[in-house]
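What follows is the content of final_19.cif, which has mmCIF, N, CA and C atoms:
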data_run
#
loop_
_atom_site.group_PDB
_atom_site.id
_atom_site.type_symbol
_atom_site.label_atom_id
_atom_site.label_comp_id
_atom_site.auth_asym_id
_atom_site.auth_seq_id
_atom_site.Cartn_x
_atom_site.Cartn_y
_atom_site.Cartn_z
ATOM 1 N N MET M 1 -2.011 83.641 16.129
ATOM 2 C CA MET M 1 -1.848 83.798 14.697
ATOM 3 C C MET M 1 -1.610 85.285 14.396
ATOM 4 N N GLN M 2 -0.620 85.558 13.574
ATOM 5 C CA GLN M 2 -0.265 86.927 13.237
ATOM 6 C C GLN M 2 -1.341 87.573 12.369
ATOM 7 N N GLU M 3 -1.618 88.836 12.655
ATOM 8 C CA GLU M 3 -2.599 89.595 11.874
ATOM 9 C C GLU M 3 -1.861 90.485 10.877
ATOM 10 N N TYR M 4 -2.421 90.612 9.688
ATOM 11 C CA TYR M 4 -1.851 91.449 8.642
ATOM 12 C C TYR M 4 -2.880 92.476 8.201
ATOM 13 N N THR M 5 -2.413 93.694 7.919
ATOM 14 C CA THR M 5 -3.333 94.741 7.451
ATOM 15 C C THR M 5 -3.806 94.466 6.031
ATOM 16 N N TRP M 6 -3.062 93.685 5.262
ATOM 17 C CA TRP M 6 -3.388 93.419 3.858
ATOM 18 C C TRP M 6 -4.226 92.150 3.677
ATOM 19 N N LEU M 7 -4.581 91.488 4.778
ATOM 20 C CA LEU M 7 -5.336 90.232 4.691
ATOM 21 C C LEU M 7 -6.595 90.321 5.540
ATOM 22 N N ARG M 8 -7.738 90.029 4.906
ATOM 23 C CA ARG M 8 -9.014 90.011 5.627
ATOM 24 C C ARG M 8 -9.688 88.674 5.322
ATOM 25 N N GLN M 9 -9.934 87.913 6.353
ATOM 26 C CA GLN M 9 -10.608 86.627 6.176
ATOM 27 C C GLN M 9 -12.018 86.725 6.725
ATOM 28 N N GLN M 10 -12.966 86.286 5.888
ATOM 29 C CA GLN M 10 -14.365 86.260 6.293
ATOM 30 C C GLN M 10 -14.912 84.893 5.922
ATOM 31 N N GLY M 11 -15.066 84.032 6.895
ATOM 32 C CA GLY M 11 -15.571 82.692 6.629
ATOM 33 C C GLY M 11 -14.683 81.934 5.667
ATOM 34 N N ASP M 12 -15.241 81.538 4.540
ATOM 35 C CA ASP M 12 -14.526 80.729 3.562
ATOM 36 C C ASP M 12 -13.867 81.544 2.456
ATOM 37 N N THR M 13 -13.640 82.834 2.697
ATOM 38 C CA THR M 13 -12.939 83.657 1.714
ATOM 39 C C THR M 13 -11.861 84.495 2.396
ATOM 40 N N ALA M 14 -10.824 84.779 1.645
ATOM 41 C CA ALA M 14 -9.764 85.669 2.112
ATOM 42 C C ALA M 14 -9.578 86.742 1.048
ATOM 43 N N THR M 15 -9.548 87.988 1.472
ATOM 44 C CA THR M 15 -9.294 89.105 0.574
ATOM 45 C C THR M 15 -7.881 89.600 0.833
ATOM 46 N N ILE M 16 -7.072 89.599 -0.216
ATOM 47 C CA ILE M 16 -5.680 89.990 -0.125
ATOM 48 C C ILE M 16 -5.507 91.309 -0.865
ATOM 49 N N THR M 17 -4.993 92.320 -0.173
ATOM 50 C CA THR M 17 -4.682 93.598 -0.801
ATOM 51 C C THR M 17 -3.228 93.546 -1.260
ATOM 52 N N LEU M 18 -3.019 93.797 -2.529
ATOM 53 C CA LEU M 18 -1.690 93.755 -3.116
ATOM 54 C C LEU M 18 -0.975 95.089 -2.912
ATOM 55 N N SER M 19 0.336 95.084 -3.077
ATOM 56 C CA SER M 19 1.116 96.310 -2.887
ATOM 57 C C SER M 19 0.909 97.302 -4.022
ATOM 58 N N ARG M 20 0.411 96.816 -5.162
ATOM 59 C CA ARG M 20 0.124 97.686 -6.307
ATOM 60 C C ARG M 20 -0.949 97.031 -7.166
ATOM 61 N N PRO M 21 -1.710 97.822 -7.897
ATOM 62 C CA PRO M 21 -2.738 97.250 -8.779
ATOM 63 C C PRO M 21 -2.104 96.420 -9.906
ATOM 64 N N GLU M 22 -2.762 95.350 -10.255
ATOM 65 C CA GLU M 22 -2.369 94.477 -11.370
ATOM 66 C C GLU M 22 -3.625 94.174 -12.172
ATOM 67 N N SER M 23 -3.434 93.651 -13.370
ATOM 68 C CA SER M 23 -4.552 93.314 -14.241
ATOM 69 C C SER M 23 -4.896 91.833 -14.103
ATOM 70 N N PHE M 24 -6.159 91.562 -13.787
ATOM 71 C CA PHE M 24 -6.672 90.196 -13.659
ATOM 72 C C PHE M 24 -7.921 90.090 -14.515
ATOM 73 N N ASN M 25 -7.905 89.165 -15.452
ATOM 74 C CA ASN M 25 -9.029 89.009 -16.380
ATOM 75 C C ASN M 25 -9.370 90.340 -17.066
ATOM 76 N N GLY M 26 -8.333 91.132 -17.345
ATOM 77 C CA GLY M 26 -8.516 92.397 -18.043
ATOM 78 C C GLY M 26 -8.971 93.557 -17.172
ATOM 79 N N VAL M 27 -9.081 93.340 -15.871
ATOM 80 C CA VAL M 27 -9.525 94.390 -14.949
ATOM 81 C C VAL M 27 -8.384 94.699 -13.972
ATOM 82 N N LYS M 28 -8.055 95.971 -13.843
ATOM 83 C CA LYS M 28 -6.985 96.383 -12.941
ATOM 84 C C LYS M 28 -7.542 96.551 -11.534
ATOM 85 N N THR M 29 -6.895 95.880 -10.566
ATOM 86 C CA THR M 29 -7.328 95.951 -9.172
ATOM 87 C C THR M 29 -6.134 95.704 -8.266
ATOM 88 N N ASN M 30 -6.259 96.123 -7.015
ATOM 89 C CA ASN M 30 -5.194 95.845 -6.053
ATOM 90 C C ASN M 30 -5.646 94.808 -5.017
ATOM 91 N N GLN M 31 -6.740 94.108 -5.298
ATOM 92 C CA GLN M 31 -7.218 93.077 -4.378
ATOM 93 C C GLN M 31 -7.561 91.795 -5.133
ATOM 94 N N LEU M 32 -7.282 90.687 -4.471
ATOM 95 C CA LEU M 32 -7.709 89.375 -4.956
ATOM 96 C C LEU M 32 -8.488 88.699 -3.846
ATOM 97 N N GLN M 33 -9.494 87.967 -4.226
ATOM 98 C CA GLN M 33 -10.275 87.214 -3.258
ATOM 99 C C GLN M 33 -10.109 85.727 -3.549
ATOM 100 N N LEU M 34 -9.712 84.985 -2.530
ATOM 101 C CA LEU M 34 -9.591 83.532 -2.636
ATOM 102 C C LEU M 34 -10.745 82.884 -1.903
ATOM 103 N N ARG M 35 -11.302 81.844 -2.488
ATOM 104 C CA ARG M 35 -12.278 81.042 -1.754
ATOM 105 C C ARG M 35 -11.532 79.844 -1.167
ATOM 106 N N ALA M 36 -12.114 79.244 -0.159
ATOM 107 C CA ALA M 36 -11.488 78.079 0.465
ATOM 108 C C ALA M 36 -11.468 76.915 -0.528
ATOM 109 N N PRO M 37 -10.366 76.182 -0.572
ATOM 110 C CA PRO M 37 -10.270 75.066 -1.515
ATOM 111 C C PRO M 37 -11.081 73.857 -1.055
ATOM 112 N N THR M 38 -11.467 73.057 -2.029
ATOM 113 C CA THR M 38 -12.134 71.793 -1.753
ATOM 114 C C THR M 38 -11.195 70.651 -2.146
ATOM 115 N N VAL M 39 -11.540 69.457 -1.784
ATOM 116 C CA VAL M 39 -10.770 68.280 -2.195
ATOM 117 C C VAL M 39 -10.750 68.217 -3.725
ATOM 118 N N ARG M 40 -11.862 68.535 -4.358
ATOM 119 C CA ARG M 40 -11.937 68.532 -5.827
ATOM 120 C C ARG M 40 -10.925 69.503 -6.441
ATOM 121 N N ASP M 41 -10.774 70.685 -5.835
ATOM 122 C CA ASP M 41 -9.784 71.655 -6.312
ATOM 123 C C ASP M 41 -8.374 71.073 -6.246
ATOM 124 N N MET M 42 -8.064 70.449 -5.129
ATOM 125 C CA MET M 42 -6.729 69.864 -4.947
ATOM 126 C C MET M 42 -6.481 68.746 -5.958
ATOM 127 N N ARG M 43 -7.465 67.897 -6.135
ATOM 128 C CA ARG M 43 -7.314 66.778 -7.080
ATOM 129 C C ARG M 43 -7.176 67.285 -8.516
ATOM 130 N N GLY M 44 -7.925 68.315 -8.867
ATOM 131 C CA GLY M 44 -7.845 68.879 -10.211
ATOM 132 C C GLY M 44 -6.470 69.458 -10.501
ATOM 133 N N ALA M 45 -5.917 70.193 -9.544
ATOM 134 C CA ALA M 45 -4.580 70.766 -9.720
ATOM 135 C C ALA M 45 -3.532 69.660 -9.809
ATOM 136 N N GLN M 46 -3.721 68.607 -9.024
ATOM 137 C CA GLN M 46 -2.794 67.470 -9.054
ATOM 138 C C GLN M 46 -2.836 66.777 -10.415
ATOM 139 N N LYS M 47 -4.022 66.616 -10.981
ATOM 140 C CA LYS M 47 -4.151 65.979 -12.303
ATOM 141 C C LYS M 47 -3.532 66.834 -13.397
ATOM 142 N N GLN M 48 -3.686 68.165 -13.285
ATOM 143 C CA GLN M 48 -3.125 69.072 -14.283
ATOM 144 C C GLN M 48 -1.603 69.085 -14.263
ATOM 145 N N HIS M 49 -1.035 69.018 -13.067
ATOM 146 C CA HIS M 49 0.420 69.163 -12.901
ATOM 147 C C HIS M 49 0.949 68.131 -11.902
ATOM 148 N N PRO M 50 0.940 66.852 -12.275
ATOM 149 C CA PRO M 50 1.335 65.812 -11.327
ATOM 150 C C PRO M 50 2.815 65.852 -10.931
ATOM 151 N N ASN M 51 3.651 66.459 -11.757
ATOM 152 C CA ASN M 51 5.093 66.407 -11.493
ATOM 153 C C ASN M 51 5.720 67.761 -11.198
ATOM 154 N N ASP M 52 4.922 68.797 -11.005
ATOM 155 C CA ASP M 52 5.474 70.125 -10.775
ATOM 156 C C ASP M 52 4.677 70.841 -9.690
ATOM 157 N N ALA M 53 5.238 70.888 -8.487
ATOM 158 C CA ALA M 53 4.540 71.464 -7.335
ATOM 159 C C ALA M 53 4.261 72.955 -7.516
ATOM 160 N N GLU M 54 5.172 73.686 -8.148
ATOM 161 C CA GLU M 54 4.960 75.119 -8.341
ATOM 162 C C GLU M 54 3.814 75.384 -9.307
ATOM 163 N N ASP M 55 3.784 74.657 -10.422
ATOM 164 C CA ASP M 55 2.676 74.814 -11.365
ATOM 165 C C ASP M 55 1.356 74.373 -10.746
ATOM 166 N N ARG M 56 1.410 73.333 -9.917
ATOM 167 C CA ARG M 56 0.204 72.839 -9.247
ATOM 168 C C ARG M 56 -0.348 73.920 -8.316
ATOM 169 N N GLU M 57 0.526 74.560 -7.539
ATOM 170 C CA GLU M 57 0.087 75.619 -6.635
ATOM 171 C C GLU M 57 -0.468 76.804 -7.414
ATOM 172 N N LEU M 58 0.206 77.181 -8.478
ATOM 173 C CA LEU M 58 -0.240 78.301 -9.303
ATOM 174 C C LEU M 58 -1.626 78.021 -9.893
ATOM 175 N N ALA M 59 -1.825 76.808 -10.403
ATOM 176 C CA ALA M 59 -3.131 76.430 -10.966
ATOM 177 C C ALA M 59 -4.220 76.440 -9.887
ATOM 178 N N LEU M 60 -3.881 75.949 -8.708
ATOM 179 C CA LEU M 60 -4.842 75.934 -7.609
ATOM 180 C C LEU M 60 -5.228 77.354 -7.207
ATOM 181 N N PHE M 61 -4.237 78.224 -6.997
ATOM 182 C CA PHE M 61 -4.526 79.603 -6.596
ATOM 183 C C PHE M 61 -5.331 80.335 -7.670
ATOM 184 N N ALA M 62 -4.989 80.099 -8.926
ATOM 185 C CA ALA M 62 -5.725 80.740 -10.026
ATOM 186 C C ALA M 62 -7.190 80.310 -10.006
ATOM 187 N N SER M 63 -7.420 79.025 -9.766
ATOM 188 C CA SER M 63 -8.787 78.519 -9.692
ATOM 189 C C SER M 63 -9.541 79.138 -8.519
ATOM 190 N N LEU M 64 -8.896 79.216 -7.375
ATOM 191 C CA LEU M 64 -9.550 79.759 -6.179
ATOM 192 C C LEU M 64 -9.840 81.251 -6.310
ATOM 193 N N ALA M 65 -9.000 81.966 -7.067
ATOM 194 C CA ALA M 65 -9.195 83.405 -7.264
ATOM 195 C C ALA M 65 -9.985 83.712 -8.529
ATOM 196 N N GLN M 66 -10.261 82.685 -9.331
ATOM 197 C CA GLN M 66 -10.974 82.814 -10.604
ATOM 198 C C GLN M 66 -10.259 83.788 -11.547
ATOM 199 N N VAL M 67 -8.937 83.578 -11.677
ATOM 200 C CA VAL M 67 -8.118 84.338 -12.614
ATOM 201 C C VAL M 67 -7.256 83.346 -13.389
ATOM 202 N N ALA M 68 -6.611 83.819 -14.433
ATOM 203 C CA ALA M 68 -5.722 82.968 -15.226
ATOM 204 C C ALA M 68 -4.387 82.805 -14.497
ATOM 205 N N PRO M 69 -3.783 81.619 -14.600
ATOM 206 C CA PRO M 69 -2.450 81.441 -13.992
ATOM 207 C C PRO M 69 -1.456 82.493 -14.481
ATOM 208 N N SER M 70 -1.551 82.891 -15.752
ATOM 209 C CA SER M 70 -0.637 83.908 -16.281
ATOM 210 C C SER M 70 -0.821 85.254 -15.580
ATOM 211 N N ASP M 71 -2.032 85.529 -15.085
ATOM 212 C CA ASP M 71 -2.259 86.753 -14.320
ATOM 213 C C ASP M 71 -1.486 86.727 -13.005
ATOM 214 N N LEU M 72 -1.415 85.561 -12.384
ATOM 215 C CA LEU M 72 -0.695 85.444 -11.116
ATOM 216 C C LEU M 72 0.810 85.495 -11.324
ATOM 217 N N GLU M 73 1.266 85.046 -12.486
ATOM 218 C CA GLU M 73 2.712 85.046 -12.756
ATOM 219 C C GLU M 73 3.282 86.458 -12.843
ATOM 220 N N GLN M 74 2.443 87.455 -13.075
ATOM 221 C CA GLN M 74 2.915 88.835 -13.170
ATOM 222 C C GLN M 74 3.105 89.486 -11.802
ATOM 223 N N LEU M 75 2.617 88.850 -10.742
ATOM 224 C CA LEU M 75 2.693 89.446 -9.411
ATOM 225 C C LEU M 75 4.129 89.592 -8.936
ATOM 226 N N LYS M 76 4.365 90.650 -8.159
ATOM 227 C CA LYS M 76 5.634 90.741 -7.440
ATOM 228 C C LYS M 76 5.684 89.548 -6.500
ATOM 229 N N LEU M 77 6.866 89.053 -6.241
ATOM 230 C CA LEU M 77 7.001 87.884 -5.377
ATOM 231 C C LEU M 77 6.430 88.149 -3.985
ATOM 232 N N SER M 78 6.603 89.358 -3.477
ATOM 233 C CA SER M 78 6.056 89.681 -2.152
ATOM 234 C C SER M 78 4.527 89.605 -2.153
ATOM 235 N N ASP M 79 3.890 89.979 -3.259
ATOM 236 C CA ASP M 79 2.430 89.864 -3.357
ATOM 237 C C ASP M 79 2.008 88.406 -3.492
ATOM 238 N N TYR M 80 2.802 87.606 -4.199
ATOM 239 C CA TYR M 80 2.498 86.172 -4.298
ATOM 240 C C TYR M 80 2.594 85.531 -2.910
ATOM 241 N N HIS M 81 3.545 85.967 -2.100
ATOM 242 C CA HIS M 81 3.648 85.454 -0.730
ATOM 243 C C HIS M 81 2.405 85.824 0.081
ATOM 244 N N ARG M 82 1.844 86.995 -0.195
ATOM 245 C CA ARG M 82 0.588 87.377 0.470
ATOM 246 C C ARG M 82 -0.533 86.405 0.078
ATOM 247 N N LEU M 83 -0.560 86.056 -1.195
ATOM 248 C CA LEU M 83 -1.556 85.107 -1.682
ATOM 249 C C LEU M 83 -1.386 83.754 -0.978
ATOM 250 N N GLN M 84 -0.145 83.314 -0.848
ATOM 251 C CA GLN M 84 0.129 82.058 -0.148
ATOM 252 C C GLN M 84 -0.349 82.129 1.299
ATOM 253 N N GLU M 85 -0.095 83.229 1.977
ATOM 254 C CA GLU M 85 -0.526 83.378 3.365
ATOM 255 C C GLU M 85 -2.049 83.334 3.468
ATOM 256 N N GLY M 86 -2.740 83.984 2.540
ATOM 257 C CA GLY M 86 -4.203 83.925 2.528
ATOM 258 C C GLY M 86 -4.696 82.495 2.361
ATOM 259 N N TYR M 87 -4.063 81.762 1.455
ATOM 260 C CA TYR M 87 -4.425 80.360 1.240
ATOM 261 C C TYR M 87 -4.224 79.552 2.520
ATOM 262 N N PHE M 88 -3.057 79.708 3.150
ATOM 263 C CA PHE M 88 -2.776 78.925 4.352
ATOM 264 C C PHE M 88 -3.739 79.265 5.483
ATOM 265 N N ARG M 89 -4.208 80.505 5.530
ATOM 266 C CA ARG M 89 -5.224 80.859 6.528
ATOM 267 C C ARG M 89 -6.526 80.111 6.261
ATOM 268 N N LEU M 90 -6.873 79.980 4.988
ATOM 269 C CA LEU M 90 -8.135 79.317 4.637
ATOM 270 C C LEU M 90 -8.107 77.823 4.939
ATOM 271 N N VAL M 91 -6.949 77.205 4.886
ATOM 272 C CA VAL M 91 -6.878 75.759 5.130
ATOM 273 C C VAL M 91 -6.462 75.431 6.558
ATOM 274 N N SER M 92 -6.205 76.452 7.369
ATOM 275 C CA SER M 92 -5.779 76.252 8.748
ATOM 276 C C SER M 92 -6.979 75.993 9.657
ATOM 277 N N ASP M 93 -6.773 75.169 10.659
ATOM 278 C CA ASP M 93 -7.802 74.929 11.675
ATOM 279 C C ASP M 93 -7.498 75.703 12.952
ATOM 280 N N ALA M 94 -6.572 76.656 12.896
ATOM 281 C CA ALA M 94 -6.113 77.354 14.090
ATOM 282 C C ALA M 94 -7.248 78.036 14.847
ATOM 283 N N GLY M 95 -8.242 78.550 14.131
ATOM 284 C CA GLY M 95 -9.335 79.244 14.798
ATOM 285 C C GLY M 95 -10.525 78.360 15.116
ATOM 286 N N ALA M 96 -10.444 77.108 14.733
ATOM 287 C CA ALA M 96 -11.587 76.204 14.938
ATOM 288 C C ALA M 96 -11.676 75.762 16.396
ATOM 289 N N GLU M 97 -12.878 75.610 16.870
ATOM 290 C CA GLU M 97 -13.107 75.098 18.216
ATOM 291 C C GLU M 97 -12.834 73.595 18.234
ATOM 292 N N PRO M 98 -12.114 73.115 19.243
ATOM 293 C CA PRO M 98 -11.899 71.668 19.309
ATOM 294 C C PRO M 98 -13.211 70.947 19.614
ATOM 295 N N ALA M 99 -13.375 69.786 19.020
ATOM 296 C CA ALA M 99 -14.572 68.989 19.258
ATOM 297 C C ALA M 99 -14.504 68.411 20.669
ATOM 298 N N PRO M 100 -15.637 68.343 21.360
ATOM 299 C CA PRO M 100 -15.622 67.756 22.708
ATOM 300 C C PRO M 100 -15.255 66.283 22.629
ATOM 301 N N VAL M 101 -14.445 65.873 23.584
ATOM 302 C CA VAL M 101 -14.016 64.477 23.632
ATOM 303 C C VAL M 101 -14.849 63.778 24.701
ATOM 304 N N ALA M 102 -15.501 62.683 24.301
ATOM 305 C CA ALA M 102 -16.312 61.920 25.242
ATOM 306 C C ALA M 102 -15.414 61.217 26.237
ATOM 307 N N ASP M 103 -15.860 61.124 27.477
ATOM 308 C CA ASP M 103 -15.111 60.429 28.514
ATOM 309 C C ASP M 103 -15.248 58.926 28.282
ATOM 310 N N ALA M 104 -14.147 58.285 27.930
ATOM 311 C CA ALA M 104 -14.162 56.846 27.607
ATOM 312 C C ALA M 104 -14.616 56.019 28.796
ATOM 313 N N GLY M 105 -14.253 56.448 29.988
ATOM 314 C CA GLY M 105 -14.650 55.698 31.178
ATOM 315 C C GLY M 105 -16.147 55.754 31.409
ATOM 316 N N ALA M 106 -16.770 56.892 31.144
ATOM 317 C CA ALA M 106 -18.207 57.032 31.318
ATOM 318 C C ALA M 106 -18.956 56.198 30.315
ATOM 319 N N GLN M 107 -18.414 56.084 29.102
ATOM 320 C CA GLN M 107 -19.070 55.284 28.075
ATOM 321 C C GLN M 107 -18.979 53.798 28.373
ATOM 322 N N ALA M 108 -17.938 53.385 29.054
ATOM 323 C CA ALA M 108 -17.739 51.972 29.345
ATOM 324 C C ALA M 108 -18.535 51.538 30.572
ATOM 325 N N GLY M 109 -19.226 52.500 31.197
ATOM 326 C CA GLY M 109 -20.049 52.177 32.348
ATOM 327 C C GLY M 109 -19.268 52.143 33.644
ATOM 328 N N GLU M 110 -18.118 52.809 33.691
ATOM 329 C CA GLU M 110 -17.310 52.834 34.900
ATOM 330 C C GLU M 110 -17.816 53.850 35.865
#
Same coordinates, now as structure tokens:
Amino acid sequence: MQEYTWLRQQGDTATITLSRPESFNGVKTNQLQLRAPTVRDMRGAQKQHPNDAEDRELALFASLAQVAPSDLEQLKLSDYHRLQEGYFRLVSDAGAEPAPVADAGAQAGE
């Protein structure tokens, strides 16, 4: 998995450093923190925007970052792509340890 200097993942959160400060909830910052999404988050975004995938993603990211969707709309596209990458890291199983697989033959008494 590629490493980025602008992305720091710690457990169930990703901190994304933007290329320039922006205003979120009235506070100017160059970082956003996303929490890992839940099934409830996905279902809520789907209910809000059942026919528009872009609005659904924007609503989901806004919820995970605890900012207004309009705050995210002001981002440079390259910074929005950083946000997307942070999200995909949070939902990826790439770093997870595979679960041990039981030997089917041993269980059957062979």
| task | Identify, on the basis of only N, CA and C atoms, every residue whose closest approach to Ala45 (chain M) does not exceed 6.5 Å; exclude the query and any residue fewer than 5 positions from it along the same chain; express the result as a list in words. | result | Arg40, Pro50, Arg56, Ala59 and Leu60 of chain M
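Here CA of Gln74 (chain M) and atom C of Lys28 (chain M) stand 13.1 Å from one another.
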| request: Identify, on the basis of only C-alpha atoms, every residue whose closest approach to Gln84 (chain M) does not exceed 10 Å; exclude the query and any residue fewer than 4 positions from it along the same chain; express the result as a list in words. | output: Ile16, Glu57, Leu58, Phe61, Ser78, Asp79, Tyr80, Phe88, Arg89 and Leu90 of chain M
| task | Kindly provide, as a ChimeraX atom specification, the polymer residues lying within 7 Å of (-9.6, 91.3, 1.5), counting only N, CA and C atoms and using the coordinates exactly as they appear in the file. | result | /M:6-9,14-17,31-33
Selected residues written out, N, CA and C atoms, as a PDB file, in the coordinates of the input:
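Generated output (again-v5.pdb):
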ATOM      1  N   TRP M   6      -3.062  93.685   5.262  1.00  0.00           N
ATOM      2  CA  TRP M   6      -3.388  93.419   3.858  1.00  0.00           C
ATOM      3  C   TRP M   6      -4.226  92.150   3.677  1.00  0.00           C
ATOM      4  N   LEU M   7      -4.581  91.488   4.778  1.00  0.00           N
ATOM      5  CA  LEU M   7      -5.336  90.232   4.691  1.00  0.00           C
ATOM      6  C   LEU M   7      -6.595  90.321   5.540  1.00  0.00           C
ATOM      7  N   ARG M   8      -7.738  90.029   4.906  1.00  0.00           N
ATOM      8  CA  ARG M   8      -9.014  90.011   5.627  1.00  0.00           C
ATOM      9  C   ARG M   8      -9.688  88.674   5.322  1.00  0.00           C
ATOM     10  N   GLN M   9      -9.934  87.913   6.353  1.00  0.00           N
ATOM     11  CA  GLN M   9     -10.608  86.627   6.176  1.00  0.00           C
ATOM     12  C   GLN M   9     -12.018  86.725   6.725  1.00  0.00           C
ATOM     13  N   ALA M  14     -10.824  84.779   1.645  1.00  0.00           N
ATOM     14  CA  ALA M  14      -9.764  85.669   2.112  1.00  0.00           C
ATOM     15  C   ALA M  14      -9.578  86.742   1.048  1.00  0.00           C
ATOM     16  N   THR M  15      -9.548  87.988   1.472  1.00  0.00           N
ATOM     17  CA  THR M  15      -9.294  89.105   0.574  1.00  0.00           C
ATOM     18  C   THR M  15      -7.881  89.600   0.833  1.00  0.00           C
ATOM     19  N   ILE M  16      -7.072  89.599  -0.216  1.00  0.00           N
ATOM     20  CA  ILE M  16      -5.680  89.990  -0.125  1.00  0.00           C
ATOM     21  C   ILE M  16      -5.507  91.309  -0.865  1.00  0.00           C
ATOM     22  N   THR M  17      -4.993  92.320  -0.173  1.00  0.00           N
ATOM     23  CA  THR M  17      -4.682  93.598  -0.801  1.00  0.00           C
ATOM     24  C   THR M  17      -3.228  93.546  -1.260  1.00  0.00           C
ATOM     25  N   GLN M  31      -6.740  94.108  -5.298  1.00  0.00           N
ATOM     26  CA  GLN M  31      -7.218  93.077  -4.378  1.00  0.00           C
ATOM     27  C   GLN M  31      -7.561  91.795  -5.133  1.00  0.00           C
ATOM     28  N   LEU M  32      -7.282  90.687  -4.471  1.00  0.00           N
ATOM     29  CA  LEU M  32      -7.709  89.375  -4.956  1.00  0.00           C
ATOM     30  C   LEU M  32      -8.488  88.699  -3.846  1.00  0.00           C
ATOM     31  N   GLN M  33      -9.494  87.967  -4.226  1.00  0.00           N
ATOM     32  CA  GLN M  33     -10.275  87.214  -3.258  1.00  0.00           C
ATOM     33  C   GLN M  33     -10.109  85.727  -3.549  1.00  0.00           C
TER      34      GLN M  33
END
| query | Which neighbours of Ser63 (chain M) fall inside 8 Å, counting only N, CA and C atoms, when residues of the same chain fewer than 6 positions from it are skipped, and could you give them as a ChimeraX atom specification? | reply | /M:34-35,41,57,69
Output N, CA and C atoms of each residue in that selection to a file, as a PDB file, in the frame of the given file.
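Generated file (again-v4.pdb):
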ATOM      1  N   LEU M  34      -9.712  84.985  -2.530  1.00  0.00           N
ATOM      2  CA  LEU M  34      -9.591  83.532  -2.636  1.00  0.00           C
ATOM      3  C   LEU M  34     -10.745  82.884  -1.903  1.00  0.00           C
ATOM      4  N   ARG M  35     -11.302  81.844  -2.488  1.00  0.00           N
ATOM      5  CA  ARG M  35     -12.278  81.042  -1.754  1.00  0.00           C
ATOM      6  C   ARG M  35     -11.532  79.844  -1.167  1.00  0.00           C
ATOM      7  N   ASP M  41     -10.774  70.685  -5.835  1.00  0.00           N
ATOM      8  CA  ASP M  41      -9.784  71.655  -6.312  1.00  0.00           C
ATOM      9  C   ASP M  41      -8.374  71.073  -6.246  1.00  0.00           C
ATOM     10  N   GLU M  57       0.526  74.560  -7.539  1.00  0.00           N
ATOM     11  CA  GLU M  57       0.087  75.619  -6.635  1.00  0.00           C
ATOM     12  C   GLU M  57      -0.468  76.804  -7.414  1.00  0.00           C
ATOM     13  N   PRO M  69      -3.783  81.619 -14.600  1.00  0.00           N
ATOM     14  CA  PRO M  69      -2.450  81.441 -13.992  1.00  0.00           C
ATOM     15  C   PRO M  69      -1.456  82.493 -14.481  1.00  0.00           C
TER      16      PRO M  69
END
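CA of Phe24 (chain M) to atom C of Leu75 (chain M) spans 11.8 Å [interatomic distance, one decimal].
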| request: Quote the spacing between CA of Pro21 (chain M) and atom C of Ser92 (chain M) in Å to one decimal place. | output: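 We find that CA of Pro21 (chain M) and atom C of Ser92 (chain M) lie 28.5 Å from each other.
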Mind giving me the axis-aligned box for region 46-55 of chain M with 4 Å on every side, centre plus edges in Å to one decimal, as lines of an AutoDock Vina configuration file?
center_x = 0.8
center_y = 70.6
center_z = -10.8
size_x = 17.9
size_y = 17.6
size_z = 14.9
| said: For a quick check of understanding, using only C-alpha atoms, which of M:Asn51, M:Gly86, M:Val91, M:Ser70 has the smallest distance to Gln2 (chain M)? | reply: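 Once distances to Gln2 (chain M) are computed over only C-alpha atoms, the minimum belongs to M:Gly86.
Among the candidate residues M:Leu83, M:Leu77, M:Leu72, M:Leu64, the one lying nearest to Met42 (chain M) is M:Leu64, with distances computed using only C-alpha atoms.
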| said: Restricting the calculation to only N, CA and C atoms: of M:Asp71, M:Asn25, M:Ser19, M:Asp12, which residue gets closest to Pro37 (chain M)? | reply: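 Checking each of M:Asp71, M:Asn25, M:Ser19, M:Asp12 against Pro37 (chain M), counting only N, CA and C atoms, the winner is M:Asp12.
The residue that comes closest to Tyr4 (chain M), out of M:Val27, M:Leu18, M:Ala68, M:Val39 and on the basis of only C-alpha atoms, is M:Leu18.
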